[in-house]
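protein.cif (mmCIF, C-alpha atoms and all ligand atoms) appears below.
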```cif
data_work
loop_
_atom_site.group_PDB
_atom_site.id
_atom_site.type_symbol
_atom_site.label_atom_id
_atom_site.label_comp_id
_atom_site.auth_asym_id
_atom_site.auth_seq_id
_atom_site.Cartn_x
_atom_site.Cartn_y
_atom_site.Cartn_z
ATOM 1 C CA MET A 1 -24.269 -173.903 85.443
ATOM 2 C CA LYS A 2 -27.612 -175.740 85.590
ATOM 3 C CA PHE A 3 -29.595 -175.489 88.848
ATOM 4 C CA MET A 4 -29.472 -178.717 90.868
ATOM 5 C CA PRO A 5 -32.738 -179.191 92.771
ATOM 6 C CA HIS A 6 -32.700 -181.058 96.098
ATOM 7 C CA PRO A 7 -35.699 -182.768 97.786
ATOM 8 C CA ALA A 8 -34.877 -181.128 101.155
ATOM 9 C CA LEU A 9 -35.430 -177.583 99.821
ATOM 10 C CA ARG A 10 -38.309 -175.810 101.553
ATOM 11 C CA CYS A 11 -40.250 -172.629 100.851
ATOM 12 C CA PRO A 12 -38.921 -169.840 103.105
ATOM 13 C CA LEU A 13 -42.473 -168.514 103.592
ATOM 14 C CA ASP A 14 -44.285 -171.648 104.780
ATOM 15 C CA SER A 15 -41.714 -174.494 104.850
ATOM 16 C CA GLN A 16 -43.544 -176.498 102.192
ATOM 17 C CA PRO A 17 -41.652 -178.606 99.630
ATOM 18 C CA PHE A 18 -41.091 -177.274 96.128
ATOM 19 C CA GLU A 19 -41.824 -178.488 92.673
ATOM 20 C CA GLN A 20 -39.832 -177.177 89.758
ATOM 21 C CA HIS A 21 -41.876 -175.564 86.971
ATOM 22 C CA GLY A 22 -39.580 -174.478 84.160
ATOM 23 C CA ALA A 23 -37.274 -171.814 85.578
ATOM 24 C CA CYS A 24 -39.045 -171.508 88.968
ATOM 25 C CA LEU A 25 -39.447 -173.410 92.193
ATOM 26 C CA ARG A 26 -43.041 -173.324 93.417
ATOM 27 C CA CYS A 27 -44.616 -174.589 96.662
ATOM 28 C CA ALA A 28 -48.215 -175.883 96.996
ATOM 29 C CA ALA A 29 -49.357 -172.447 98.200
ATOM 30 C CA GLY A 30 -48.090 -170.911 94.945
ATOM 31 C CA HIS A 31 -45.033 -169.082 96.308
ATOM 32 C CA SER A 32 -42.660 -168.980 93.404
ATOM 33 C CA PHE A 33 -38.896 -168.359 93.223
ATOM 34 C CA ASP A 34 -36.984 -167.807 89.995
ATOM 35 C CA ILE A 35 -33.975 -169.908 89.142
ATOM 36 C CA ALA A 36 -31.234 -167.455 88.152
ATOM 37 C CA ARG A 37 -29.527 -168.125 84.821
ATOM 38 C CA GLN A 38 -26.263 -168.785 86.692
ATOM 39 C CA GLY A 39 -27.961 -171.810 88.313
ATOM 40 C CA TYR A 40 -28.955 -170.787 91.834
ATOM 41 C CA VAL A 41 -32.137 -169.726 93.640
ATOM 42 C CA ASN A 42 -32.556 -166.765 95.948
ATOM 43 C CA LEU A 43 -34.617 -167.993 98.940
ATOM 44 C CA LEU A 44 -33.730 -165.117 101.232
ATOM 45 C CA GLY A 45 -36.813 -163.984 103.147
ATOM 46 C CA ALA A 46 -37.401 -160.213 103.381
ATOM 47 C CA ALA A 47 -36.945 -160.394 107.182
ATOM 48 C CA ASP A 48 -33.415 -161.764 106.757
ATOM 49 C CA LYS A 49 -32.372 -159.046 104.359
ATOM 50 C CA ARG A 50 -31.091 -156.411 106.727
ATOM 51 C CA SER A 51 -29.562 -154.301 103.980
ATOM 52 C CA ARG A 52 -29.993 -153.907 100.236
ATOM 53 C CA ASP A 53 -26.838 -155.890 99.553
ATOM 54 C CA PRO A 54 -26.463 -158.286 102.504
ATOM 55 C CA GLY A 55 -23.276 -160.184 103.300
ATOM 56 C CA ASP A 56 -19.908 -159.780 101.602
ATOM 57 C CA ASN A 57 -19.979 -157.368 98.684
ATOM 58 C CA LYS A 58 -18.641 -157.959 95.181
ATOM 59 C CA THR A 59 -15.168 -156.551 95.925
ATOM 60 C CA MET A 60 -14.771 -158.643 99.088
ATOM 61 C CA ILE A 61 -15.817 -161.785 97.228
ATOM 62 C CA SER A 62 -13.339 -161.268 94.401
ATOM 63 C CA ALA A 63 -10.554 -160.553 96.934
ATOM 64 C CA ARG A 64 -11.423 -163.760 98.832
ATOM 65 C CA ARG A 65 -11.555 -165.750 95.628
ATOM 66 C CA ALA A 66 -8.123 -164.537 94.455
ATOM 67 C CA PHE A 67 -6.557 -165.097 97.896
ATOM 68 C CA LEU A 68 -7.955 -168.623 98.282
ATOM 69 C CA GLU A 69 -7.147 -169.471 94.677
ATOM 70 C CA ALA A 70 -3.467 -168.670 95.411
ATOM 71 C CA GLY A 71 -3.489 -171.607 97.871
ATOM 72 C CA HIS A 72 -2.712 -169.709 101.099
ATOM 73 C CA TYR A 73 -5.454 -171.634 102.935
ATOM 74 C CA GLN A 74 -5.036 -174.956 101.114
ATOM 75 C CA ALA A 75 -3.854 -176.556 104.381
ATOM 76 C CA ILE A 76 -7.191 -175.637 105.991
ATOM 77 C CA ALA A 77 -9.080 -177.267 103.102
ATOM 78 C CA ASP A 78 -6.907 -180.387 103.521
ATOM 79 C CA ASP A 79 -7.682 -180.654 107.244
ATOM 80 C CA LEU A 80 -11.367 -180.139 106.497
ATOM 81 C CA ALA A 81 -11.291 -183.010 103.997
ATOM 82 C CA GLN A 82 -9.504 -185.251 106.531
ATOM 83 C CA LEU A 83 -12.343 -184.676 108.983
ATOM 84 C CA VAL A 84 -15.256 -184.941 106.564
ATOM 85 C CA VAL A 85 -14.189 -187.755 104.203
ATOM 86 C CA PRO A 86 -14.381 -190.464 106.922
ATOM 87 C CA LEU A 87 -17.946 -189.378 107.715
ATOM 88 C CA CYS A 88 -18.887 -190.129 104.100
ATOM 89 C CA LYS A 89 -17.285 -193.555 103.642
ATOM 90 C CA ALA A 90 -19.650 -196.267 102.383
ATOM 91 C CA ASP A 91 -19.004 -198.441 105.473
ATOM 92 C CA VAL A 92 -20.391 -195.779 107.802
ATOM 93 C CA ARG A 93 -23.292 -194.719 105.577
ATOM 94 C CA ALA A 94 -26.112 -196.544 103.815
ATOM 95 C CA ASN A 95 -27.036 -193.693 101.476
ATOM 96 C CA ALA A 96 -25.502 -190.625 99.904
ATOM 97 C CA PRO A 97 -24.581 -188.085 102.574
ATOM 98 C CA PHE A 98 -26.065 -184.612 102.341
ATOM 99 C CA ILE A 99 -23.345 -182.030 103.009
ATOM 100 C CA VAL A 100 -24.292 -178.380 103.466
ATOM 101 C CA ASP A 101 -21.943 -175.399 103.767
ATOM 102 C CA ALA A 102 -23.699 -172.607 105.700
ATOM 103 C CA GLY A 103 -22.172 -169.256 104.702
ATOM 104 C CA CYS A 104 -20.112 -170.933 101.975
ATOM 105 C CA GLY A 105 -18.654 -167.731 100.531
ATOM 106 C CA GLU A 106 -17.454 -168.205 96.973
ATOM 107 C CA GLY A 107 -17.366 -171.994 97.301
ATOM 108 C CA TYR A 108 -13.636 -172.674 97.718
ATOM 109 C CA TYR A 109 -13.960 -175.173 100.573
ATOM 110 C CA LEU A 110 -16.855 -177.080 98.983
ATOM 111 C CA GLN A 111 -14.900 -177.395 95.758
ATOM 112 C CA GLN A 112 -11.845 -178.714 97.596
ATOM 113 C CA LEU A 113 -13.976 -181.106 99.633
ATOM 114 C CA ALA A 114 -15.846 -182.397 96.566
ATOM 115 C CA SER A 115 -12.558 -183.180 94.894
ATOM 116 C CA ALA A 116 -11.251 -185.003 98.001
ATOM 117 C CA LEU A 117 -14.482 -187.045 98.156
ATOM 118 C CA ARG A 118 -14.119 -188.011 94.486
ATOM 119 C CA HIS A 119 -10.514 -188.971 95.035
ATOM 120 C CA GLU A 120 -11.397 -191.165 98.035
ATOM 121 C CA ARG A 121 -14.285 -192.780 96.107
ATOM 122 C CA THR A 122 -16.777 -192.245 98.927
ATOM 123 C CA THR A 123 -20.511 -192.726 98.428
ATOM 124 C CA PRO A 124 -21.329 -189.815 96.080
ATOM 125 C CA ALA A 125 -22.534 -186.953 98.263
ATOM 126 C CA SER A 126 -25.244 -184.362 97.630
ATOM 127 C CA ILE A 127 -23.630 -180.984 98.099
ATOM 128 C CA LEU A 128 -25.402 -177.707 98.859
ATOM 129 C CA GLY A 129 -23.904 -174.318 99.637
ATOM 130 C CA PHE A 130 -25.680 -171.159 100.675
ATOM 131 C CA ASP A 131 -24.659 -167.659 101.594
ATOM 132 C CA ILE A 132 -26.501 -164.440 102.292
ATOM 133 C CA SER A 133 -24.373 -162.693 99.622
ATOM 134 C CA LYS A 134 -25.606 -163.079 96.047
ATOM 135 C CA TRP A 135 -22.090 -162.163 94.851
ATOM 136 C CA ALA A 136 -20.688 -165.107 96.788
ATOM 137 C CA ILE A 137 -23.205 -167.506 95.273
ATOM 138 C CA GLN A 138 -22.778 -166.184 91.744
ATOM 139 C CA ALA A 139 -19.038 -166.868 92.077
ATOM 140 C CA ALA A 140 -19.650 -170.282 93.676
ATOM 141 C CA THR A 141 -21.825 -171.507 90.785
ATOM 142 C CA LYS A 142 -18.738 -171.246 88.572
ATOM 143 C CA ARG A 143 -16.695 -173.516 90.850
ATOM 144 C CA LEU A 144 -18.637 -176.785 90.876
ATOM 145 C CA PRO A 145 -22.029 -178.317 90.209
ATOM 146 C CA ALA A 146 -23.948 -178.260 93.528
ATOM 147 C CA THR A 147 -27.236 -176.903 94.844
ATOM 148 C CA TRP A 148 -26.550 -173.188 95.348
ATOM 149 C CA LEU A 149 -28.824 -170.826 97.273
ATOM 150 C CA VAL A 150 -28.846 -167.272 98.481
ATOM 151 C CA ALA A 151 -30.167 -167.774 102.011
ATOM 152 C CA SER A 152 -29.465 -166.931 105.624
ATOM 153 C CA ASN A 153 -28.307 -169.000 108.579
ATOM 154 C CA ARG A 154 -31.146 -167.407 110.497
ATOM 155 C CA HIS A 155 -33.763 -169.224 108.336
ATOM 156 C CA ILE A 156 -32.248 -172.084 106.410
ATOM 157 C CA PRO A 157 -34.687 -173.119 103.648
ATOM 158 C CA LEU A 158 -34.217 -176.853 104.276
ATOM 159 C CA ALA A 159 -36.398 -179.560 105.816
ATOM 160 C CA ASP A 160 -36.001 -180.448 109.496
ATOM 161 C CA HIS A 161 -33.357 -183.131 110.154
ATOM 162 C CA SER A 162 -32.340 -183.459 106.509
ATOM 163 C CA VAL A 163 -28.595 -182.671 106.710
ATOM 164 C CA ASP A 164 -25.859 -185.186 107.540
ATOM 165 C CA VAL A 165 -22.832 -182.875 107.692
ATOM 166 C CA LEU A 166 -23.100 -179.123 108.173
ATOM 167 C CA LEU A 167 -20.067 -176.887 107.675
ATOM 168 C CA SER A 168 -19.640 -173.384 109.053
ATOM 169 C CA LEU A 169 -16.248 -171.863 108.278
ATOM 170 C CA PHE A 170 -15.442 -168.382 109.532
ATOM 171 C CA GLY A 171 -19.177 -167.751 109.491
ATOM 172 C CA PHE A 172 -22.029 -166.584 111.646
ATOM 173 C CA PRO A 173 -23.389 -169.763 113.244
ATOM 174 C CA GLU A 174 -27.021 -169.953 114.337
ATOM 175 C CA TYR A 175 -27.002 -173.036 116.520
ATOM 176 C CA ALA A 176 -30.765 -173.485 117.006
ATOM 177 C CA GLU A 177 -31.271 -173.421 113.247
ATOM 178 C CA PHE A 178 -28.294 -175.740 112.696
ATOM 179 C CA LEU A 179 -29.859 -178.225 115.168
ATOM 180 C CA ARG A 180 -33.182 -178.041 113.338
ATOM 181 C CA VAL A 181 -31.741 -178.943 109.925
ATOM 182 C CA LEU A 182 -29.226 -181.574 111.097
ATOM 183 C CA ARG A 183 -30.404 -185.164 111.372
ATOM 184 C CA PRO A 184 -30.159 -186.698 114.865
ATOM 185 C CA GLY A 185 -26.517 -187.646 115.338
ATOM 186 C CA GLY A 186 -25.501 -185.409 112.407
ATOM 187 C CA THR A 187 -22.208 -183.532 112.474
ATOM 188 C CA LEU A 188 -21.472 -179.835 112.611
ATOM 189 C CA VAL A 189 -17.945 -178.877 111.554
ATOM 190 C CA LEU A 190 -17.254 -175.432 112.894
ATOM 191 C CA VAL A 191 -14.065 -173.653 111.872
ATOM 192 C CA HIS A 192 -13.126 -170.400 113.550
ATOM 193 C CA ALA A 193 -10.105 -168.207 114.215
ATOM 194 C CA GLY A 194 -7.844 -169.117 117.132
ATOM 195 C CA PRO A 195 -6.249 -166.484 119.408
ATOM 196 C CA ARG A 196 -3.081 -166.039 117.304
ATOM 197 C CA HIS A 197 -4.838 -165.935 113.916
ATOM 198 C CA LEU A 198 -3.155 -163.391 111.604
ATOM 199 C CA LEU A 199 -1.459 -161.885 114.643
ATOM 200 C CA GLU A 200 1.260 -160.153 112.588
ATOM 201 C CA LEU A 201 -1.417 -158.359 110.553
ATOM 202 C CA ARG A 202 -3.323 -157.311 113.690
ATOM 203 C CA GLU A 203 -0.132 -156.002 115.284
ATOM 204 C CA ILE A 204 0.358 -153.661 112.343
ATOM 205 C CA ILE A 205 -3.270 -152.479 112.351
ATOM 206 C CA TYR A 206 -3.965 -152.028 116.069
ATOM 207 C CA PRO A 207 -1.922 -150.335 118.806
ATOM 208 C CA ASP A 208 -3.021 -152.934 121.360
ATOM 209 C CA VAL A 209 -3.683 -156.571 120.386
ATOM 210 C CA ARG A 210 -5.336 -159.056 122.767
ATOM 211 C CA LEU A 211 -5.104 -162.805 122.372
ATOM 212 C CA THR A 212 -8.719 -163.746 122.979
ATOM 213 C CA ASP A 213 -10.346 -167.101 122.373
ATOM 214 C CA SER A 214 -13.852 -166.905 120.923
ATOM 215 C CA ASN A 215 -14.714 -170.331 122.397
ATOM 216 C CA GLN A 216 -17.466 -171.029 119.911
ATOM 217 C CA ALA A 217 -17.761 -174.670 121.008
ATOM 218 C CA ALA A 218 -19.110 -173.546 124.395
ATOM 219 C CA ALA A 219 -21.908 -171.626 122.665
ATOM 220 C CA ALA A 220 -22.711 -174.663 120.498
ATOM 221 C CA VAL A 221 -22.801 -176.944 123.559
ATOM 222 C CA ARG A 222 -25.085 -174.522 125.408
ATOM 223 C CA ALA A 223 -27.435 -174.715 122.405
ATOM 224 C CA GLY A 224 -27.569 -178.543 122.649
ATOM 225 C CA PHE A 225 -24.636 -179.892 120.601
ATOM 226 C CA ARG A 226 -22.251 -182.512 121.972
ATOM 227 C CA GLN A 227 -18.582 -181.705 121.484
ATOM 228 C CA LEU A 228 -16.813 -184.626 119.793
ATOM 229 C CA SER A 229 -13.361 -183.168 119.249
ATOM 230 C CA GLN A 230 -11.321 -180.053 118.748
ATOM 231 C CA LEU A 231 -8.335 -179.684 116.476
ATOM 232 C CA ALA A 232 -5.902 -176.775 116.447
ATOM 233 C CA HIS A 233 -4.573 -175.942 113.010
ATOM 234 C CA ARG A 234 -1.516 -173.737 112.497
ATOM 235 C CA HIS A 235 0.524 -172.896 109.449
ATOM 236 C CA THR A 236 2.429 -169.881 108.198
ATOM 237 C CA ILE A 237 1.927 -167.984 104.984
ATOM 238 C CA SER A 238 4.143 -165.536 103.097
ATOM 239 C CA LEU A 239 2.306 -162.909 101.138
ATOM 240 C CA PRO A 240 4.661 -161.773 98.397
ATOM 241 C CA ASP A 241 3.102 -158.467 97.296
ATOM 242 C CA GLN A 242 0.738 -155.612 98.092
ATOM 243 C CA ALA A 243 -2.065 -157.194 96.087
ATOM 244 C CA SER A 244 -2.211 -160.355 98.200
ATOM 245 C CA ILE A 245 -1.925 -158.366 101.463
ATOM 246 C CA ASP A 246 -4.803 -156.182 100.314
ATOM 247 C CA GLN A 247 -6.875 -159.262 99.416
ATOM 248 C CA LEU A 248 -6.342 -160.673 102.905
ATOM 249 C CA LEU A 249 -7.339 -157.384 104.511
ATOM 250 C CA SER A 250 -10.499 -157.257 102.369
ATOM 251 C CA MET A 251 -11.668 -160.686 103.501
ATOM 252 C CA THR A 252 -11.264 -160.131 107.255
ATOM 253 C CA PRO A 253 -13.408 -158.133 109.704
ATOM 254 C CA HIS A 254 -10.373 -155.797 110.063
ATOM 255 C CA LEU A 255 -11.470 -154.123 106.832
ATOM 256 C CA PHE A 256 -14.317 -152.550 108.849
ATOM 257 C CA ARG A 257 -12.752 -152.415 112.301
ATOM 258 C CA ALA A 258 -9.383 -150.872 111.486
ATOM 259 C CA SER A 259 -8.723 -147.137 111.537
ATOM 260 C CA ALA A 260 -7.776 -145.419 108.269
ATOM 261 C CA GLN A 261 -4.169 -145.121 109.537
ATOM 262 C CA GLY A 262 -4.074 -148.819 110.478
ATOM 263 C CA LYS A 263 -5.229 -149.846 106.996
ATOM 264 C CA GLU A 264 -2.791 -147.434 105.396
ATOM 265 C CA ARG A 265 0.112 -149.006 107.313
ATOM 266 C CA VAL A 266 -0.917 -152.412 105.946
ATOM 267 C CA ARG A 267 -1.353 -151.146 102.403
ATOM 268 C CA THR A 268 2.192 -149.799 102.227
ATOM 269 C CA LEU A 269 3.740 -153.220 102.944
ATOM 270 C CA ASN A 270 5.363 -155.078 100.072
ATOM 271 C CA GLU A 271 5.455 -158.463 101.789
ATOM 272 C CA LEU A 272 4.162 -160.039 104.958
ATOM 273 C CA ALA A 273 4.769 -163.375 106.683
ATOM 274 C CA LEU A 274 2.090 -164.385 109.124
ATOM 275 C CA GLY A 275 0.641 -167.226 111.135
ATOM 276 C CA VAL A 276 -2.701 -168.855 110.478
ATOM 277 C CA ASP A 277 -4.260 -170.134 113.707
ATOM 278 C CA VAL A 278 -7.574 -171.868 113.218
ATOM 279 C CA VAL A 279 -9.677 -174.159 115.399
ATOM 280 C CA PHE A 280 -11.772 -177.014 114.021
ATOM 281 C CA GLU A 281 -14.653 -178.090 116.262
ATOM 282 C CA LEU A 282 -16.481 -181.341 115.564
ATOM 283 C CA LEU A 283 -19.930 -181.233 117.177
ATOM 284 C CA GLN A 284 -22.815 -183.683 117.110
ATOM 285 C CA SER A 285 -26.528 -183.007 117.184
ATOM 286 C CA PRO A 286 -28.386 -185.094 119.814
ATOM 287 C CA ILE A 287 -29.049 -188.683 118.726
ATOM 288 C CA ARG A 288 -32.433 -188.761 120.452
ATOM 289 C CA LEU A 289 -34.707 -185.790 120.034
HETATM 290 C C1 LIG B 301 -15.694 -164.623 106.531
HETATM 291 S S1 LIG B 301 -16.750 -165.101 105.204
HETATM 292 C C2 LIG B 301 -16.434 -166.860 105.096
HETATM 293 C C3 LIG B 301 -16.871 -167.472 103.792
HETATM 294 C C4 LIG B 301 -16.472 -168.946 103.594
HETATM 295 N N1 LIG B 301 -17.048 -169.805 104.596
HETATM 296 C C5 LIG B 301 -14.967 -169.081 103.588
HETATM 297 O O1 LIG B 301 -14.407 -169.447 104.623
HETATM 298 O O2 LIG B 301 -14.359 -168.788 102.547
HETATM 299 C C6 LIG B 301 -18.341 -164.999 105.937
HETATM 300 C C7 LIG B 301 -19.469 -165.265 104.944
HETATM 301 O O3 LIG B 301 -20.706 -165.304 105.666
HETATM 302 C C8 LIG B 301 -21.702 -164.698 104.869
HETATM 303 N N2 LIG B 301 -22.808 -164.335 105.779
HETATM 304 C C9 LIG B 301 -22.924 -163.263 106.597
HETATM 305 N N3 LIG B 301 -24.071 -163.352 107.313
HETATM 306 C C10 LIG B 301 -24.679 -164.522 106.930
HETATM 307 C C11 LIG B 301 -25.897 -165.158 107.296
HETATM 308 N N4 LIG B 301 -26.734 -164.629 108.212
HETATM 309 N N5 LIG B 301 -26.212 -166.325 106.693
HETATM 310 C C12 LIG B 301 -25.391 -166.866 105.772
HETATM 311 N N6 LIG B 301 -24.238 -166.303 105.371
HETATM 312 C C13 LIG B 301 -23.884 -165.141 105.949
HETATM 313 C C14 LIG B 301 -20.981 -163.561 104.172
HETATM 314 O O4 LIG B 301 -21.647 -163.114 103.008
HETATM 315 C C15 LIG B 301 -19.617 -164.202 103.871
HETATM 316 O O5 LIG B 301 -19.609 -164.820 102.592
HETATM 317 ZN ZN ZN B 302 -44.633 -171.395 100.191
#
```

Before we go any further, please render this structure as structure tokens.
Ligand SMILES: C[S@@+](CC[C@H](N)C(=O)[O-])C[C@H]1O[C@@H](n2cnc3c(N)ncnc32)[C@H](O)[C@@H]1O
Ligand SMILES: [Zn+2]
Amino acid sequence: MKFMPHPALRCPLDSQPFEQHGACLRCAAGHSFDIARQGYVNLLGAADKRSRDPGDNKTMISARRAFLEAGHYQAIADDLAQLVVPLCKADVRANAPFIVDAGCGEGYYLQQLASALRHERTTPASILGFDISKWAIQAATKRLPATWLVASNRHIPLADHSVDVLLSLFGFPEYAEFLRVLRPGGTLVLVHAGPRHLLELREIIYPDVRLTDSNQAAAAVRAGFRQLSQLAHRHTISLPDQASIDQLLSMTPHLFRASAQGKERVRTLNELALGVDVVFELLQSPIRL
């Protein structure tokens, strides 16, 4: 896939704009970043690299890709499109919206959204996805043409107030940084697990399961966002074999939290029916700064 430059890209070292010189992006101070042959750029600053292989590893990414590809979370992608497509309609926008997925994983949701936008004939959007995991981004470049970056939510290499719609699905939101990159009045779509998310799986793994609500909207509001709406999304899935159950386990935090016995109990199952409980939060950055 060919790298797609975007004018809002900024140097992670001094926030200056880039110019493309052959297979590198270079800022006026001469900081230079190679464009990988797969068509992405790694703009992860050394300070944001807390391990040698940050974010989801190669195995987790291929498990996530296979699980999502099987359509188990298609209904989440559909609800996401229903929320985002209206924000991109020509009658509400003068120019092409800039949509950014922060912690995009292997690009499933951006691919689904791009196809919904095409179908609805909205103003063509600029689409950018970034993730701290290079494995995620390498997989994402194969899904659709978009601007792909290895980067962290903690320092997003984008100009202030350049983004119209920012997505954060099952991610690690950094609200101050999200407010910096969103334009005034821009939208943050935050998707996180509800209290009953994958409850049947948790009941097998843990002796004692609590139904807690992470209430991420409250944290976003404390940081300065205005809450526009909240939507509860529920559907059930039936995993037909050990492979799909193992894929689900590998893409959740339970892979690290569960005891060896808990994981073993899950891995001996041949099928599992379970409920997906997800919350969509629509938040707005302040209109006046
Ligand atoms: C649970 S996955 C969700 C991925 C994707 N949004 C999805 O729903 O398929 C969390 C993702 O966040 C990434 N991640 C972790 N820390 C991050 C950070 N500081 N900045 C950006 N991405 C990060 C991981 O590499 C992983 O791909
Ligand atoms: Zn620079």

Distance limit 9 Å, reference ligand LIG 301 (chain B), atoms considered: all atoms listed in the file. Which residues make the cut? Give them as a PyMOL selection string. chain A and resi 48-49+54-57+60-61+64-65+68+101-109+130-137+150-156+167-174+191+251-253

Show which residues sit within 8 Å of stretch 13-15 of chain A, as a VMD selection string. Count only C-alpha atoms, and ignore same-chain residues fewer than 6 positions away. chain A and resid 31 45 157 to 159

10 Å shell around ligand ZN 302 (chain B) using all atoms listed in the file, listed as a ChimeraX atom specification: /A:10-18,25-33

Which of A:Ala219, A:Leu43, A:Leu198, A:Ala116 sits closest to A:Ala81 [using all atoms listed in the file]: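 Comparing A:Ala219, A:Leu43, A:Leu198, A:Ala116 against A:Ala81, the winner is A:Ala116.
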
Provide the atom CA of A:Val165 to atom CA of A:Ile127 distance in Å, to one decimal place. 9.8 Å

For the atom pair atom CA of A:Glu271 and atom CA of A:Ile237, what is the interatomic distance in Å to one decimal place?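 Rounded to one decimal, the two atoms are 10.6 Å apart.
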
Interatomic distance between atom CA of A:Leu190 and atom CA of A:Leu117?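 That distance, rounded to one decimal, is 19.0 Å.
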
Name the residues that the PyMOL selection byres (((chain A and resi 211) around 7) and not hetatm) pulls out of this structure, and write them as an MDAnalysis selection string. chainID A and resid 195:196 209:210 212:213

Evaluated on this file, the PyMOL selection byres (((chain A and resi 163) around 9) and not hetatm) picks out some residues - which ones are they, written as a ChimeraX atom specification? /A:8,97-100,158-162,164-166,181-183,186-187

Taking only residues of stretch 11-112 of chain A that have an atom at most 10 Å from an atom of stretch 223-235 of chain A, what is each one's shortest atom pair and its distance in Å to one decimal, using only C-alpha atoms, in chain and number order, as a Markdown table?
```
| residue | atom | partner | partner_atom | distance |
| --- | --- | --- | --- | --- |
| A:His72 | CA | A:His235 | CA | 9.5 |
| A:Tyr73 | CA | A:His235 | CA | 8.9 |
| A:Ala75 | CA | A:His235 | CA | 7.6 |
| A:Ile76 | CA | A:His233 | CA | 7.5 |
| A:Asp79 | CA | A:His233 | CA | 8.1 |
| A:Leu83 | CA | A:Leu231 | CA | 9.9 |
```

List, as a CSV table (one decimal) with C-alpha atoms, in the frame of the given file, every residue that the PyMOL selection byres (((chain A and resi 144-147) around 9) and not hetatm) selects in the file provided.
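Output file part.csv is given in full below:
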```csv
chain,number,residue,atom,x,y,z
A,1,MET,CA,-24.3,-173.9,85.4
A,2,LYS,CA,-27.6,-175.7,85.6
A,3,PHE,CA,-29.6,-175.5,88.8
A,4,MET,CA,-29.5,-178.7,90.9
A,5,PRO,CA,-32.7,-179.2,92.8
A,6,HIS,CA,-32.7,-181.1,96.1
A,39,GLY,CA,-28.0,-171.8,88.3
A,40,TYR,CA,-29.0,-170.8,91.8
A,41,VAL,CA,-32.1,-169.7,93.6
A,107,GLY,CA,-17.4,-172.0,97.3
A,110,LEU,CA,-16.9,-177.1,99.0
A,111,GLN,CA,-14.9,-177.4,95.8
A,114,ALA,CA,-15.8,-182.4,96.6
A,126,SER,CA,-25.2,-184.4,97.6
A,127,ILE,CA,-23.6,-181.0,98.1
A,128,LEU,CA,-25.4,-177.7,98.9
A,129,GLY,CA,-23.9,-174.3,99.6
A,130,PHE,CA,-25.7,-171.2,100.7
A,140,ALA,CA,-19.6,-170.3,93.7
A,141,THR,CA,-21.8,-171.5,90.8
A,142,LYS,CA,-18.7,-171.2,88.6
A,143,ARG,CA,-16.7,-173.5,90.8
A,148,TRP,CA,-26.6,-173.2,95.3
A,149,LEU,CA,-28.8,-170.8,97.3
```
